[in-house]
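Shown next, in C-alpha cells, is the structure this report addresses.
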Amino acid sequence: MPLPFLTADRTFEAAEDDIALPFDDRARWRRPYRPGPWRVGVAALWLLLASYVLFAAVIIALTGTPAEGGAVFGIALLVIAASLRLLRMGVWVSARGVRQVGFFVTRSVPWDRVTAVRTVQQPVRWLGLPRTVQGQALTLVRGDRQDALPMLSTHGADFLGRPAAFERAADAVEAWAHEHGRG
C-alpha cells in the first residue's frame, strides 16, 4: 500500500531547464520535500512499540477480560495515530496557500496574505526542543503580522545534517510563493 505522505511527489534534483513546480494538480496540498531520517526513525520506533502493545492487547484479551484488552488496544491505536501524525508534520503547499502542520496545531495562510518567503540566518530550535543553535530558517512574512513565522530550519527533524535537502525544500517553497505573486 503506497503511503503518499512519506515521499515527496517528485525529486527536485532535475535539470536546470526543467520547470520548478512539476505538479499536475496544483490545488492539492503537497509536501515539496521528503521527511527526514530523524522524523521517520522516531515514527518507526513508535510503530514498533505499537506492535508490541498490540501483541500485549491480544494476550490480555485472551487471558484476562476483554475490557482490559480493549484498553490496551486503545493505547496501541493512540501510539499509531501519534506516529502517523508525526510523519505528516511539515510544510505543505498548494495553489491556495502554505500550510504548516504541527503535532497539535495546523496553520494555513492563503497566498494573498503572504508578503514574502525568505531564507534567513537566525537562532533555530534543535529538533524542536527548547535549545537553540545558529542555523538557517525559511520564514514566512505575513501582511497582517509584524513578525516572521519560521516554517523550516536546518536543525529540524527533516533537515538535521542535510543542508542540501533544506536548500531544495526552501527553493521549492519559495518557487510556489513566487508563482503565486509573493516572492
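The chains in the C-alpha cells are called A, B, ... from first to last as shown; in each chain the residues are counted from 1, and the ligands are counted from 1 in the order shown.
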For Ala71 in chain A, work out the shell of residues within 12 Å, counting only C-alpha atoms and skipping chain neighbours fewer than 3 positions away, then give it as an MDAnalysis selection string.
chainID A and resid 53:54 56:58 60:61 64:68 74:78
Please report, as a count of residues only, each residue of chain A to which DSSP assigns alpha helix (DSSP H) when run on this structure's backbone.
67
Which of chain A fall in strand (DSSP E), as a count of residues only
43
Nearest candidate to Pro37 in chain A (options A:Pro110, A:Asp158, A:Val173, A:Leu49; using only C-alpha atoms)
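Result for the nearest residue to Pro37 in chain A: A:Asp158.
Taking only C-alpha atoms, the non-local environment of Phe166 in chain A within 8 Å (same-chain residues fewer than 3 positions away omitted) comprises Leu152, Ser153, Thr154, Phe159, Arg162, Pro163, Ala169 and Ala170 of chain A.
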Now that the selection is made, can you save its residues with N, CA, C and O atoms as an mmCIF file, in the first residue's frame?
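This is the output file selection29.cif:
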```cif
data_model
loop_
_atom_site.group_PDB
_atom_site.id
_atom_site.type_symbol
_atom_site.label_atom_id
_atom_site.label_comp_id
_atom_site.auth_asym_id
_atom_site.auth_seq_id
_atom_site.Cartn_x
_atom_site.Cartn_y
_atom_site.Cartn_z
ATOM 1 N N LEU A 152 10.574 26.206 8.211
ATOM 2 C CA LEU A 152 11.557 25.126 8.124
ATOM 3 C C LEU A 152 12.861 25.626 8.709
ATOM 4 O O LEU A 152 13.147 26.821 8.662
ATOM 5 N N SER A 153 13.677 24.710 9.229
ATOM 6 C CA SER A 153 15.006 25.112 9.682
ATOM 7 C C SER A 153 16.004 23.998 9.385
ATOM 8 O O SER A 153 15.627 22.844 9.213
ATOM 9 N N THR A 154 17.260 24.384 9.350
ATOM 10 C CA THR A 154 18.312 23.412 9.056
ATOM 11 C C THR A 154 18.515 22.418 10.197
ATOM 12 O O THR A 154 19.136 21.386 10.002
ATOM 13 N N PHE A 159 15.685 18.085 8.363
ATOM 14 C CA PHE A 159 16.885 18.551 7.670
ATOM 15 C C PHE A 159 18.153 18.543 8.509
ATOM 16 O O PHE A 159 19.168 19.061 8.067
ATOM 17 N N ARG A 162 21.453 17.598 6.812
ATOM 18 C CA ARG A 162 21.188 17.535 5.373
ATOM 19 C C ARG A 162 20.963 18.946 4.823
ATOM 20 O O ARG A 162 19.848 19.331 4.477
ATOM 21 N N PRO A 163 22.009 19.766 4.755
ATOM 22 C CA PRO A 163 21.815 21.155 4.298
ATOM 23 C C PRO A 163 21.367 21.254 2.846
ATOM 24 O O PRO A 163 20.626 22.172 2.491
ATOM 25 N N ALA A 169 14.282 22.196 -0.419
ATOM 26 C CA ALA A 169 12.936 22.407 0.115
ATOM 27 C C ALA A 169 12.614 23.892 0.188
ATOM 28 O O ALA A 169 11.509 24.321 -0.165
ATOM 29 N N ALA A 170 13.586 24.697 0.637
ATOM 30 C CA ALA A 170 13.364 26.140 0.713
ATOM 31 C C ALA A 170 13.151 26.722 -0.681
ATOM 32 O O ALA A 170 12.270 27.571 -0.873
#
```
Considering only C-alpha atoms, return as a compact mmCIF listing (two decimals) with N, CA and C atoms, in the first residue's frame whatever protein or nucleic-acid residues lie within 9 Å of Pro123 in chain A, sequence-local ones (same chain, fewer than 6 positions apart) excluded.
```txt
# COMPACT_ATOMS: atom_id res chain seq x y z
N THR A 132 18.35 26.32 21.39
CA THR A 132 18.51 26.94 20.08
C THR A 132 19.97 26.93 19.67
N VAL A 133 20.18 26.82 18.37
CA VAL A 133 21.51 26.87 17.78
C VAL A 133 21.44 27.80 16.57
N GLN A 134 22.57 28.24 16.10
CA GLN A 134 22.60 29.11 14.94
C GLN A 134 22.39 28.27 13.68
N GLY A 135 21.47 28.69 12.83
CA GLY A 135 21.19 27.95 11.61
C GLY A 135 20.37 28.80 10.65
N GLN A 136 19.90 28.17 9.60
CA GLN A 136 19.07 28.86 8.63
C GLN A 136 17.62 28.46 8.84
N ALA A 137 16.74 29.40 8.54
CA ALA A 137 15.31 29.13 8.64
C ALA A 137 14.60 29.73 7.44
```
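Atom pair CA of Val105 in chain A / CA of Ala82 in chain A has a distance of 13.2 Å (rounded to one decimal).
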Write out as a PDB file with C-alpha atoms, in the first residue's frame each polymer residue whose atoms come within 12 Å of Arg85 in chain A, counting only C-alpha atoms; drop sequence neighbours fewer than 3 positions from it.
```
ATOM      1  CA  PHE A   5       2.746  11.315   2.997  1.00  0.00           C
ATOM      2  CA  LEU A   6       6.149   9.564   3.241  1.00  0.00           C
ATOM      3  CA  ARG A  39      11.280  12.009  11.812  1.00  0.00           C
ATOM      4  CA  VAL A  40      10.974   8.669  10.020  1.00  0.00           C
ATOM      5  CA  VAL A  42      11.166   8.118  15.573  1.00  0.00           C
ATOM      6  CA  ALA A  43       7.904   7.197  13.839  1.00  0.00           C
ATOM      7  CA  TRP A  46       6.760   4.303  17.788  1.00  0.00           C
ATOM      8  CA  LEU A  47       5.214   1.856  15.314  1.00  0.00           C
ATOM      9  CA  LEU A  78      -3.118   6.192  20.128  1.00  0.00           C
ATOM     10  CA  VAL A  79       0.550   5.335  19.552  1.00  0.00           C
ATOM     11  CA  ILE A  80      -0.168   4.522  15.887  1.00  0.00           C
ATOM     12  CA  ALA A  81      -2.118   7.757  15.423  1.00  0.00           C
ATOM     13  CA  ALA A  82       0.711   9.757  17.032  1.00  0.00           C
ATOM     14  CA  ARG A  88       2.503  14.218   8.472  1.00  0.00           C
ATOM     15  CA  MET A  89       4.191  17.174  10.178  1.00  0.00           C
ATOM     16  CA  GLY A  90       5.931  19.745   7.994  1.00  0.00           C
ATOM     17  CA  VAL A 101       1.321  21.089  10.044  1.00  0.00           C
ATOM     18  CA  GLY A 102       2.442  20.649  13.631  1.00  0.00           C
ATOM     19  CA  PHE A 103       1.762  17.796  16.014  1.00  0.00           C
ATOM     20  CA  PHE A 104      -1.229  19.503  17.639  1.00  0.00           C
ATOM     21  CA  VAL A 105      -1.821  22.627  15.527  1.00  0.00           C
ATOM     22  CA  THR A 106      -2.080  23.245  11.794  1.00  0.00           C
TER      23      THR A 106
END
```
Quick one: distance from CA of Ala175 in chain A to CA of Ala27 in chain A in Å, one decimal?
15.4 Å
Give me the residues near range 116-121 of chain A as a list of chain:residue names, where near means some atom within 7 Å (using only C-alpha atoms) and where sequence neighbours in that chain fewer than 4 positions away do not count.
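These residues fall inside the cut-off: A:Gly135, A:Gln136, A:Ala137, A:Leu138, A:Thr139, A:Leu140, A:Val141, A:Glu174, A:Ala177, A:Arg182, A:Gly183.
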Extract, using only C-alpha atoms, all DNA, RNA and protein residues at most 9 Å from range 93-100 of chain A, discarding same-chain residues fewer than 6 positions from it, and format them as a VMD selection string.
chain A and resid 25 to 32 106 to 114 151 173 176 to 177 180
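If you measure from each of A:Pro150, A:Gly69, A:Glu179, A:Ala157 to Trp126 in chain A using only C-alpha atoms, the closest one turns out to be A:Ala157.
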Here is a test: counting only C-alpha atoms, which residue of A:Leu149, A:Gly143, A:Asp171, A:Tyr33 is nearest to Val91 in chain A?
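Using only C-alpha atoms, Val91 in chain A sits closest to A:Tyr33.
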Distance in Å - CA of Gly70 in chain A versus CA of Gly41 in chain A
27.8 Å
